[in-house]
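Content type mmCIF, C-alpha atoms, from the file model15.cif:
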data_structure
loop_
_atom_site.label_atom_id
_atom_site.label_comp_id
_atom_site.auth_asym_id
_atom_site.auth_seq_id
_atom_site.Cartn_x
_atom_site.Cartn_y
_atom_site.Cartn_z
CA MET A 1 189.00 77.52 -85.09
CA LYS A 2 189.98 78.58 -88.58
CA ARG A 3 189.00 76.44 -91.52
CA ARG A 4 192.60 75.35 -92.17
CA SER A 5 193.03 74.19 -88.57
CA VAL A 6 189.72 72.38 -88.62
CA LEU A 7 190.70 70.49 -91.76
CA LYS A 8 193.88 69.35 -90.03
CA LEU A 9 191.88 68.31 -87.00
CA LEU A 10 189.57 66.28 -89.21
CA GLY A 11 192.59 64.37 -90.42
CA GLY A 12 191.31 64.10 -93.96
CA ALA A 13 187.89 62.74 -93.01
CA GLY A 14 185.25 62.98 -95.69
CA VAL A 15 183.94 66.41 -94.89
CA GLY A 16 181.66 66.52 -97.90
CA ALA A 17 179.82 63.33 -97.10
CA LEU A 18 176.69 62.92 -95.01
CA THR A 19 177.73 61.85 -91.53
CA ALA A 20 176.53 58.43 -90.49
CA SER A 21 175.89 59.80 -87.02
CA LEU A 22 173.01 61.97 -88.15
CA PRO A 23 169.55 60.47 -87.75
CA MET A 24 167.45 59.54 -90.73
CA GLY A 25 166.24 62.60 -92.62
CA ALA A 26 168.14 65.09 -90.46
CA LYS A 27 170.44 67.82 -91.75
CA ALA A 28 173.68 68.90 -90.15
CA SER A 29 173.67 72.34 -88.56
CA VAL A 30 176.78 74.12 -89.78
CA LEU A 31 178.40 76.97 -87.91
CA SER A 32 178.70 79.70 -90.52
CA ASP A 33 182.07 80.97 -89.32
CA GLU A 34 183.59 77.59 -90.07
CA SER A 35 181.61 76.60 -93.19
CA ILE A 36 182.17 72.94 -92.52
CA SER A 37 179.88 70.09 -91.49
CA TYR A 38 182.37 67.83 -89.66
CA ALA A 39 180.79 64.94 -91.52
CA GLY A 40 182.27 61.64 -90.38
CA ASN A 41 184.26 63.15 -87.50
CA ASP A 42 182.13 63.48 -84.39
CA ARG A 43 185.09 64.27 -82.16
CA ALA A 44 186.15 67.25 -84.27
CA TYR A 45 182.57 68.52 -84.11
CA TRP A 46 182.38 68.13 -80.31
CA VAL A 47 185.72 69.93 -79.91
CA SER A 48 184.52 72.75 -82.16
CA ILE A 49 181.42 73.35 -80.03
CA LEU A 50 183.23 73.12 -76.71
CA SER A 51 185.96 75.49 -77.88
CA LYS A 52 183.33 77.91 -79.20
CA MET A 53 181.80 77.94 -75.72
CA ALA A 54 185.11 78.24 -73.92
CA THR A 55 187.14 80.69 -75.98
CA PRO A 56 185.33 83.96 -75.13
CA ILE A 57 185.52 83.12 -71.44
CA LEU A 58 189.04 81.73 -71.16
CA ASP A 59 190.66 84.14 -73.60
CA ASN A 60 189.24 87.18 -71.80
CA ILE A 61 189.84 86.03 -68.23
CA SER A 62 193.42 85.04 -69.06
CA LYS A 63 193.96 88.70 -70.02
CA GLN A 64 192.05 90.00 -66.97
CA GLN A 65 189.45 91.70 -69.13
CA TRP A 66 186.49 89.38 -68.90
CA ARG A 67 184.15 91.65 -66.94
CA LYS A 68 185.21 94.56 -69.12
CA MET A 69 184.57 92.79 -72.40
CA MET A 70 181.48 90.73 -71.47
CA PRO A 71 178.91 92.52 -69.28
CA MET A 72 176.73 90.02 -67.44
CA GLU A 73 173.34 89.43 -69.05
CA VAL A 74 170.49 88.25 -66.83
CA SER A 75 167.07 86.65 -67.10
CA PRO A 76 164.04 88.90 -67.73
CA THR A 77 162.81 87.73 -64.31
CA PHE A 78 166.18 87.87 -62.53
CA ASP A 79 165.94 88.41 -58.78
CA SER A 80 167.79 90.92 -56.62
CA ARG A 81 171.08 89.01 -56.30
CA ASP A 82 174.31 90.54 -57.57
CA PRO A 83 174.58 89.58 -61.27
CA GLY A 84 178.35 89.46 -60.80
CA VAL A 85 177.93 85.94 -59.41
CA GLY A 86 177.50 84.89 -63.05
CA TYR A 87 181.23 85.05 -63.76
CA LEU A 88 182.12 82.27 -61.33
CA GLU A 89 178.99 80.51 -62.56
CA ALA A 90 180.21 80.47 -66.16
CA PHE A 91 183.81 79.63 -65.29
CA GLY A 92 183.16 76.87 -62.76
CA ARG A 93 180.48 75.19 -64.84
CA LEU A 94 182.55 75.36 -68.01
CA LEU A 95 185.59 73.76 -66.36
CA ALA A 96 183.51 71.01 -64.72
CA GLY A 97 182.71 69.65 -68.17
CA MET A 98 186.02 70.49 -69.86
CA ALA A 99 188.20 69.00 -67.11
CA PRO A 100 188.67 65.44 -68.43
CA TRP A 101 189.56 66.78 -71.89
CA LEU A 102 192.00 69.33 -70.46
CA ALA A 103 193.61 66.48 -68.51
CA LEU A 104 194.69 64.60 -71.66
CA PRO A 105 198.46 64.67 -72.28
CA ASP A 106 199.89 67.28 -74.61
CA ASP A 107 200.47 66.33 -78.23
CA SER A 108 201.32 68.04 -81.51
CA THR A 109 197.92 67.67 -83.16
CA GLU A 110 195.74 70.69 -83.84
CA GLU A 111 193.38 69.48 -81.12
CA GLY A 112 196.30 69.05 -78.74
CA LYS A 113 197.57 72.58 -79.38
CA LEU A 114 194.09 74.00 -78.82
CA ARG A 115 193.65 71.97 -75.64
CA LYS A 116 196.96 73.18 -74.19
CA LYS A 117 196.10 76.79 -74.99
CA LEU A 118 192.73 76.53 -73.26
CA ARG A 119 194.25 74.70 -70.26
CA ASP A 120 196.87 77.41 -69.81
CA GLN A 121 194.16 80.06 -70.01
CA ALA A 122 192.02 78.16 -67.50
CA LEU A 123 194.89 78.07 -65.00
CA LEU A 124 195.31 81.82 -65.35
CA GLY A 125 191.57 82.18 -64.89
CA ILE A 126 191.71 80.30 -61.59
CA GLN A 127 194.61 82.50 -60.47
CA TYR A 128 192.86 85.75 -61.33
CA GLY A 129 189.49 84.53 -60.08
CA VAL A 130 190.81 84.26 -56.51
CA ASP A 131 193.10 87.29 -56.59
CA PRO A 132 191.33 90.21 -54.83
CA LYS A 133 193.46 92.66 -56.80
CA SER A 134 192.39 91.30 -60.18
CA PRO A 135 189.55 93.03 -62.09
CA ASP A 136 188.24 89.52 -62.72
CA TYR A 137 188.17 88.43 -59.08
CA PHE A 138 185.02 86.37 -58.65
CA THR A 139 182.15 87.48 -56.43
CA TRP A 140 183.06 85.12 -53.61
CA ARG A 141 182.00 87.07 -50.52
CA GLY A 142 178.78 88.81 -51.42
CA PRO A 143 175.44 88.08 -49.76
CA SER A 144 174.26 85.69 -52.48
CA SER A 145 174.30 81.97 -51.66
CA GLN A 146 174.69 81.25 -55.40
CA THR A 147 178.47 81.26 -54.93
CA LEU A 148 178.23 77.88 -53.20
CA VAL A 149 176.61 76.35 -56.30
CA ASP A 150 179.37 77.40 -58.64
CA ALA A 151 182.24 76.81 -56.26
CA ALA A 152 180.93 73.23 -56.21
CA HIS A 153 181.29 73.03 -59.98
CA LEU A 154 184.84 74.38 -59.75
CA ALA A 155 185.52 71.76 -57.07
CA LEU A 156 184.14 69.13 -59.45
CA ALA A 157 186.59 70.31 -62.11
CA PHE A 158 189.50 70.01 -59.65
CA LEU A 159 188.39 66.50 -58.68
CA ARG A 160 188.01 65.42 -62.30
CA ALA A 161 191.40 66.76 -63.38
CA PRO A 162 193.67 67.39 -60.37
CA LYS A 163 196.93 67.04 -62.31
CA ALA A 164 195.79 69.49 -64.98
CA LEU A 165 193.85 72.08 -62.99
CA TRP A 166 194.95 71.91 -59.35
CA GLU A 167 198.52 70.68 -59.01
CA PRO A 168 200.03 73.21 -61.47
CA LEU A 169 198.68 76.18 -59.49
CA ASP A 170 201.16 78.19 -57.42
CA GLN A 171 200.94 77.96 -53.63
CA VAL A 172 199.44 81.44 -53.20
CA THR A 173 196.59 80.61 -55.58
CA LYS A 174 195.96 77.26 -53.89
CA LYS A 175 195.83 78.96 -50.51
CA ARG A 176 193.35 81.52 -51.83
CA VAL A 177 191.09 78.84 -53.31
CA VAL A 178 191.06 76.95 -50.02
CA GLU A 179 190.30 80.14 -48.10
CA GLU A 180 187.36 81.04 -50.36
CA PHE A 181 185.95 77.53 -50.15
CA LYS A 182 186.12 77.47 -46.36
CA LEU A 183 184.36 80.83 -46.11
CA LEU A 184 181.40 79.28 -47.97
CA ARG A 185 180.62 77.22 -44.88
CA LYS A 186 178.54 80.12 -43.61
CA ILE A 187 175.98 79.36 -46.34
CA LYS A 188 173.27 76.96 -45.24
CA PRO A 189 172.19 74.95 -48.30
CA ASN A 190 168.56 74.28 -49.09
CA GLU A 191 167.10 70.83 -48.43
CA SER A 192 167.57 69.81 -52.06
CA ASN A 193 170.36 69.17 -54.53
CA TRP A 194 172.06 72.14 -52.84
CA LEU A 195 173.23 69.79 -50.09
CA LEU A 196 175.51 68.21 -52.67
CA PHE A 197 177.12 71.55 -53.46
CA ALA A 198 178.34 71.77 -49.86
CA ALA A 199 179.41 68.13 -50.04
CA MET A 200 181.45 68.84 -53.18
CA THR A 201 183.40 71.79 -51.77
CA GLU A 202 184.15 69.87 -48.59
CA THR A 203 185.12 66.76 -50.55
CA PHE A 204 187.56 68.81 -52.59
CA LEU A 205 189.08 70.26 -49.42
CA TYR A 206 189.54 66.73 -48.09
CA SER A 207 191.18 65.63 -51.35
CA ALA A 208 193.54 68.62 -51.15
CA GLY A 209 194.71 67.58 -47.69
CA GLU A 210 192.69 70.19 -45.82
CA GLU A 211 190.42 69.68 -42.86
CA CYS A 212 186.87 69.26 -44.12
CA ALA A 213 183.46 69.66 -42.51
CA ARG A 214 182.64 65.97 -42.76
CA GLU A 215 179.17 66.44 -41.31
CA LYS A 216 178.19 68.38 -44.45
CA ILE A 217 179.34 65.51 -46.66
CA ASP A 218 177.58 62.87 -44.58
CA TYR A 219 174.34 64.79 -44.33
CA ALA A 220 174.13 65.18 -48.11
CA VAL A 221 175.08 61.68 -49.22
CA ASN A 222 172.87 60.02 -46.60
CA LYS A 223 169.85 62.11 -47.60
CA PHE A 224 170.13 60.99 -51.21
CA ASP A 225 171.15 57.42 -50.45
CA GLN A 226 168.51 56.66 -47.85
CA GLU A 227 165.68 59.20 -47.98
CA TRP A 228 165.42 60.78 -51.41
CA TYR A 229 165.95 57.80 -53.68
CA VAL A 230 162.56 57.02 -55.24
CA GLY A 231 163.57 53.95 -57.23
CA ASP A 232 164.59 52.74 -60.69
CA GLY A 233 167.55 55.11 -60.92
CA TRP A 234 165.71 58.30 -59.91
CA TYR A 235 166.19 60.60 -56.95
CA SER A 236 163.77 63.15 -55.59
CA ASP A 237 165.25 66.64 -55.39
CA GLY A 238 164.29 67.07 -51.76
CA ALA A 239 161.22 65.71 -50.01
CA ARG A 240 158.95 66.07 -53.07
CA PHE A 241 159.62 64.56 -56.47
CA SER A 242 159.67 66.86 -59.50
CA PHE A 243 159.88 65.66 -63.09
CA ASP A 244 162.85 67.61 -64.41
CA HIS A 245 166.49 67.01 -65.36
CA TYR A 246 168.15 67.72 -62.02
CA ASN A 247 169.07 64.06 -61.69
CA GLY A 248 171.24 64.75 -64.74
CA TYR A 249 172.33 68.31 -64.05
CA VAL A 250 173.52 67.68 -60.49
CA ILE A 251 172.35 64.78 -58.37
CA HIS A 252 173.79 61.58 -59.83
CA CYS A 253 177.26 62.86 -60.60
CA MET A 254 177.80 64.93 -57.47
CA GLN A 255 176.54 62.06 -55.31
CA VAL A 256 178.92 59.65 -57.03
CA GLU A 257 181.91 62.01 -56.91
CA SER A 258 181.33 62.91 -53.27
CA LEU A 259 181.32 59.24 -52.35
CA ARG A 260 184.16 58.23 -54.68
CA HIS A 261 186.62 60.71 -53.22
CA ASN A 262 185.78 59.91 -49.60
CA ILE A 263 186.30 56.15 -49.72
CA SER A 264 189.84 56.69 -48.45
CA ALA A 265 188.44 58.47 -45.39
CA ASP A 266 186.13 55.69 -44.26
CA GLY A 267 185.14 52.31 -45.68
CA LYS A 268 181.47 53.12 -45.12
CA TYR A 269 181.49 55.20 -48.30
CA LYS A 270 182.45 52.30 -50.56
CA GLU A 271 179.14 50.47 -50.37
CA MET A 272 177.24 53.71 -50.85
CA TYR A 273 179.43 54.60 -53.82
CA GLU A 274 178.84 51.26 -55.54
CA ARG A 275 175.09 51.60 -55.01
CA ALA A 276 175.07 55.18 -56.28
CA TYR A 277 177.04 54.20 -59.36
CA LYS A 278 174.61 51.41 -60.25
CA ARG A 279 171.76 53.86 -59.89
CA MET A 280 173.55 56.30 -62.19
CA GLN A 281 174.06 53.56 -64.78
CA ARG A 282 170.35 52.80 -64.63
CA TYR A 283 169.53 56.48 -65.09
CA ALA A 284 171.88 56.49 -68.09
CA HIS A 285 169.60 53.84 -69.58
CA HIS A 286 166.70 56.24 -69.35
CA LEU A 287 168.68 59.12 -70.83
CA GLU A 288 169.66 57.12 -73.90
CA ARG A 289 166.03 56.14 -74.45
CA MET A 290 164.89 59.76 -74.07
CA ILE A 291 166.63 60.66 -77.33
CA SER A 292 164.15 60.46 -80.20
CA PRO A 293 164.98 58.85 -83.56
CA GLU A 294 165.64 62.35 -84.92
CA GLY A 295 167.95 63.36 -82.06
CA TYR A 296 165.57 65.43 -79.93
CA TYR A 297 165.03 64.93 -76.19
CA VAL A 298 162.30 65.69 -73.68
CA VAL A 299 162.48 69.30 -72.48
CA VAL A 300 160.65 69.35 -69.17
CA GLY A 301 160.87 71.10 -65.82
CA ARG A 302 162.88 74.02 -64.55
CA SER A 303 166.34 75.06 -65.75
CA SER A 304 165.64 73.83 -69.28
CA THR A 305 168.10 76.49 -70.48
CA TYR A 306 170.84 74.12 -69.27
CA LYS A 307 170.47 72.32 -72.57
CA ASN A 308 172.42 69.08 -73.03
CA ALA A 309 173.74 69.14 -69.43
CA ALA A 310 170.86 66.74 -68.81
CA PHE A 311 173.02 63.99 -70.30
CA GLN A 312 175.88 64.28 -67.80
CA PRO A 313 175.31 60.82 -66.22
CA LEU A 314 175.30 59.10 -69.64
CA ALA A 315 178.44 61.05 -70.57
CA THR A 316 180.09 60.02 -67.29
CA VAL A 317 179.58 56.30 -67.69
CA ALA A 318 180.79 56.60 -71.29
CA LEU A 319 183.94 58.42 -70.13
CA GLU A 320 184.62 55.76 -67.50
CA ASN A 321 183.92 52.85 -69.86
CA LYS A 322 181.04 51.67 -67.69
CA LEU A 323 178.11 51.89 -70.07
CA PRO A 324 175.35 49.35 -69.36
CA ASP A 325 175.98 46.12 -71.27
CA ASP A 326 173.09 46.66 -73.69
CA ILE A 327 174.20 50.16 -74.77
CA SER A 328 177.08 50.45 -77.24
CA LYS A 329 179.62 53.25 -77.51
CA GLY A 330 178.63 53.79 -81.14
CA GLN A 331 174.99 54.39 -80.32
CA VAL A 332 175.76 56.76 -77.43
CA ARG A 333 178.17 58.84 -79.50
CA ALA A 334 175.75 59.00 -82.42
CA ALA A 335 172.79 59.92 -80.23
CA LEU A 336 174.62 62.64 -78.30
CA THR A 337 176.07 64.07 -81.52
CA ALA A 338 172.58 64.30 -82.98
CA VAL A 339 171.39 66.18 -79.87
CA LEU A 340 174.28 68.64 -80.13
CA ARG A 341 173.59 69.33 -83.80
CA HIS A 342 170.03 70.33 -83.01
CA ILE A 343 171.03 72.66 -80.18
CA TYR A 344 174.15 74.44 -81.44
CA ILE A 345 172.91 76.35 -84.43
CA ASP A 346 174.30 79.82 -85.20
CA LYS A 347 171.73 81.75 -83.16
CA THR A 348 172.33 79.73 -80.01
CA PHE A 349 175.43 81.91 -79.61
CA ALA A 350 175.02 85.67 -79.21
CA PRO A 351 177.28 88.05 -81.18
CA SER A 352 179.09 88.75 -77.89
CA GLY A 353 180.13 85.10 -77.69
CA TRP A 354 177.82 84.19 -74.76
CA LEU A 355 175.49 81.24 -75.00
CA ARG A 356 171.95 82.57 -75.25
CA MET A 357 169.28 81.89 -72.65
CA GLY A 358 167.07 79.18 -74.04
CA VAL A 359 167.51 75.70 -75.44
CA VAL A 360 167.98 76.57 -79.12
CA GLY A 361 168.38 79.85 -80.97
CA ASP A 362 167.55 83.38 -79.84
CA GLN A 363 163.78 83.39 -79.21
CA GLN A 364 163.53 81.45 -75.94
CA SER A 365 164.58 83.86 -73.20
CA ASN A 366 161.15 83.28 -71.62
CA LEU A 367 162.54 79.94 -70.42
CA ALA A 368 165.12 81.64 -68.21
CA ASP A 369 164.39 81.28 -64.50
CA TYR A 370 164.70 84.00 -61.86
CA TYR A 371 168.20 82.69 -61.02
CA THR A 372 169.41 82.44 -64.62
CA ASN A 373 172.15 84.63 -66.04
CA ALA A 374 174.45 84.33 -69.03
CA GLY A 375 176.85 82.22 -66.99
CA SER A 376 174.24 79.62 -66.10
CA MET A 377 174.15 77.98 -69.51
CA TYR A 378 177.78 76.85 -69.35
CA VAL A 379 176.68 73.86 -67.32
CA ALA A 380 175.97 72.45 -70.80
CA SER A 381 179.66 71.54 -70.92
CA LEU A 382 178.87 68.59 -68.66
CA SER A 383 177.78 66.32 -71.51
CA PHE A 384 181.15 66.78 -73.26
CA LEU A 385 182.93 64.54 -70.72
CA PRO A 386 183.73 61.76 -73.25
CA LEU A 387 186.23 64.13 -74.87
CA GLY A 388 188.41 63.04 -71.95
CA LEU A 389 188.85 59.75 -73.81
CA PRO A 390 191.77 59.91 -76.25
CA ALA A 391 190.97 60.23 -79.95
CA THR A 392 192.13 56.61 -80.40
CA ASP A 393 189.55 55.25 -77.96
CA GLU A 394 186.85 53.00 -79.34
CA PHE A 395 184.21 55.53 -78.32
CA TRP A 396 185.53 57.80 -81.09
CA THR A 397 186.80 55.26 -83.63
CA CYS A 398 183.90 52.77 -83.72
CA ALA A 399 181.19 53.03 -86.33
CA PRO A 400 178.09 55.02 -85.33
CA GLN A 401 175.11 52.84 -84.53
CA LYS A 402 171.39 53.35 -84.22
CA TRP A 403 170.28 54.21 -80.73
CA THR A 404 167.33 52.58 -78.99
CA SER A 405 164.49 54.77 -80.25
CA GLN A 406 165.78 54.53 -83.82
CA LYS A 407 165.74 50.75 -83.60
CA CYS A 408 162.28 50.75 -82.05
CA TRP A 409 160.60 53.00 -84.62
CA ASN A 410 162.42 51.33 -87.49
CA ALA A 411 160.77 48.02 -86.53
CA GLU A 412 164.08 46.45 -85.45
CA GLN A 413 164.90 44.40 -82.38
CA PHE A 414 166.03 46.33 -79.32
CA PRO A 415 166.53 45.38 -75.65
CA LYS A 416 163.43 45.24 -73.48
CA ASP A 417 163.41 47.44 -70.41
CA TYR A 418 162.47 46.62 -66.83
CA TYR A 419 162.78 48.41 -63.50
CA VAL A 420 165.58 47.68 -61.07
CA SER A 421 165.40 47.24 -57.31
CA TYR A 422 168.69 48.82 -56.26
#
What does the file become when written as structure tokens?
Amino acid sequence: MKRRSVLKLLGGAGVGALTASLPMGAKASVLSDESISYAGNDRAYWVSILSKMATPILDNISKQQWRKMMPMEVSPTFDSRDPGVGYLEAFGRLLAGMAPWLALPDDSTEEGKLRKKLRDQALLGIQYGVDPKSPDYFTWRGPSSQTLVDAAHLALAFLRAPKALWEPLDQVTKKRVVEEFKLLRKIKPNESNWLLFAAMTETFLYSAGEECAREKIDYAVNKFDQEWYVGDGWYSDGARFSFDHYNGYVIHCMQVESLRHNISADGKYKEMYERAYKRMQRYAHHLERMISPEGYYVVVGRSSTYKNAAFQPLATVALENKLPDDISKGQVRAALTAVLRHIYIDKTFAPSGWLRMGVVGDQQSNLADYYTNAGSMYVASLSFLPLGLPATDEFWTCAPQKWTSQKCWNAEQFPKDYYVSY
């Protein structure tokens, strides 16, 4: 956004002051093309980062020139799959995190005008992405199984914002989406979080009034509910546990959403949903405590280039006003804002507009996995879910507060922690 628009969005907030949300001793990272620190207005800052991610994608695809303008970059160790799968990867992952924000009602604010523009572009992107005659038609039918992963994220976006992203589509586009999703049934998912990708596409089909492959849904949710839950809010990603952030990237939220949207099909899903949600709330506890006093978090395991997507479960319970009782909205907003400020420095974005492969800056492409392309990083949108709360919500208007690790290492009282048995 231009400086003038940003100032309007800030609503006169004290842009020259040090934001209370920054941790002790930290400095705000300022995007040079805006020359503004967003001090005192965390929401404006979050919107600025999300729109910076989204604009190159949505602006280009809405004009059917995305592939032309943004050639797909891939990992130095990229495998033999078609790199064209990265376009659906970027689009689906981006919308999965943007969906609740795009679902807010239109208004005349600068944020509202920007949101409507991006929503309109996203709808065009869905239309062109399933139109075989469009130059930006997604790589739906190639040999790569990766398409299932990113169709699941697009399904998640539809489920999170049906009135904004699904219902406005014309009947031809809806029919094409359904057709592409059904053709993905030929892909056999791995015995891992991939089972949830199949569950998500089938859950969306059910929600859209289509016949679904219910056995795919049941197989996935039962595996995680009964076999792969290892306790205290953590799931194993398959038969063997790995210490990484896939509980945040995929497992908790896709398990919860799969169960949530199938309760109307059979009462058996309700008990599983309630159990899965409690486990996600417990995991949110861990995520909040993983953020250091300075606003850094533990970078561990594969897919570390997914950045702040690790915080999706914490963002989800904040969006749904279901934070654990001992975690305040002010501390979650302050902690997540501090994380974003460390990640989204100038060099985290390439001159082309793509997010770079890495966690921060432009020197970490070695972190990219064999399946990583430029589209992969847009899963980072998943921690922006609280933007789906209106600007008047307490999450955005309350004073920032110290988060748990700040209280601990500042010799202040903070809640003790203990494992749970559910």
Given only C-alpha atoms as the counted atoms, nearest of A:Gly112, A:Leu95, A:Lys270, A:Leu124 to A:Pro168 = A:Leu124
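What separates atom CA of A:Glu110 from atom CA of A:Ser51 is a distance of 12.4 Å.
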Measure the distance from atom CA of A:Ala318 to atom CA of A:Ala54 in Å and round it to one decimal.
->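 One can read the atom CA of A:Ala318 to atom CA of A:Ala54 distance as 22.2 Å.
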Selected by the PyMOL selection byres ((chain A and resi 290-302) around 9) in the shown coordinates: which residues, as a ChimeraX atom specification?
-> /A:22-26,242-246,285-289,303-305,307,334-342,359,367-369,402-410
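Put simply, atom CA of A:Lys163 is 17.8 Å away from atom CA of A:Thr201.
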Who sits within 9 Å of A:Pro56, only C-alpha atoms, same chain under 3 positions skipped, as a list in words =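 With the cut-off at 9 Å, the set is Ser51, Lys52, Met53, Asp59, Asn60, Ile61, Trp66, Met70, Ser352, Gly353 and Trp354 of chain A.
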Exactly which residues make up the result of the PyMOL selection byres ((chain A and resi 370-374) around 7) on this file, given as a VMD selection string?
-> chain A and resid 72 to 75 77 to 79 86 354 to 357 368 to 369 375 to 377
Best match for closeness to A:Arg93 among A:Ala380, A:Val420, A:Ile187, A:Leu58, counting all atoms listed in the file |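 Nearest to A:Arg93: A:Ala380.
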Using all atoms listed in the file, which residues sit within 7 Å of A:Leu195 once same-chain residues fewer than 5 positions away are excluded, as a VMD selection string?
-> chain A and resid 189 to 190 220
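Considering the residues A:Val130, A:Leu104, A:Leu94, A:Ile343 and counting all atoms listed in the file, A:Lys174 has its shortest atom-to-atom contact with A:Val130.
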Hey, what's within 12 Å of A:Gln226 if we count all atoms listed in the file and toss same-chain stuff fewer than 4 positions away? As a PyMOL selection string, please?
-> chain A and resi 218-222+230-231+235-236+238-239+272+275-276+422
Mind telling me what the PyMOL selection byres ((chain A and resi 82) around 10) catches here, as a PyMOL selection string?
-> chain A and resi 78-81+83-86+139+142-144+146
Option closest in space to A:Leu88, from A:Gln64, A:Asn366, A:Ser207, A:Thr147 [counting all atoms listed in the file] = A:Thr147
Could you model all heavy atoms for stretch 383-388 of chain A and present them as a short mmCIF file (atom, residue, chain, number, x, y, z; two decimals), in the frame of the given file?
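Output (out15.cif):
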data_model
loop_
_atom_site.label_atom_id
_atom_site.label_comp_id
_atom_site.auth_asym_id
_atom_site.auth_seq_id
_atom_site.Cartn_x
_atom_site.Cartn_y
_atom_site.Cartn_z
N SER A 383 177.99 67.51 -70.66
CA SER A 383 177.78 66.32 -71.51
C SER A 383 178.94 66.08 -72.47
O SER A 383 178.91 65.14 -73.25
CB SER A 383 176.46 66.43 -72.29
OG SER A 383 176.62 67.22 -73.45
N PHE A 384 179.98 66.95 -72.40
CA PHE A 384 181.15 66.78 -73.26
C PHE A 384 182.24 65.94 -72.58
O PHE A 384 183.36 65.85 -73.09
CB PHE A 384 181.72 68.14 -73.65
CG PHE A 384 180.87 68.91 -74.61
CD1 PHE A 384 179.78 69.66 -74.16
CD2 PHE A 384 181.13 68.89 -75.97
CE1 PHE A 384 178.98 70.37 -75.05
CE2 PHE A 384 180.33 69.59 -76.87
CZ PHE A 384 179.26 70.33 -76.42
N LEU A 385 181.94 65.31 -71.47
CA LEU A 385 182.93 64.54 -70.72
C LEU A 385 183.66 63.48 -71.54
O LEU A 385 184.85 63.25 -71.32
CB LEU A 385 182.26 63.90 -69.49
CG LEU A 385 181.71 64.85 -68.43
CD1 LEU A 385 180.96 64.07 -67.36
CD2 LEU A 385 182.83 65.68 -67.79
N PRO A 386 183.00 62.78 -72.49
CA PRO A 386 183.73 61.76 -73.25
C PRO A 386 184.92 62.29 -74.05
O PRO A 386 185.74 61.49 -74.50
CB PRO A 386 182.64 61.16 -74.16
CG PRO A 386 181.38 61.36 -73.40
CD PRO A 386 181.55 62.71 -72.76
N LEU A 387 185.03 63.60 -74.22
CA LEU A 387 186.23 64.13 -74.87
C LEU A 387 187.47 63.83 -74.03
O LEU A 387 188.60 63.93 -74.53
CB LEU A 387 186.11 65.63 -75.11
CG LEU A 387 185.22 66.06 -76.29
CD1 LEU A 387 185.08 67.57 -76.33
CD2 LEU A 387 185.79 65.54 -77.61
N GLY A 388 187.29 63.45 -72.78
CA GLY A 388 188.41 63.04 -71.95
C GLY A 388 188.99 61.70 -72.36
O GLY A 388 190.07 61.33 -71.90
#
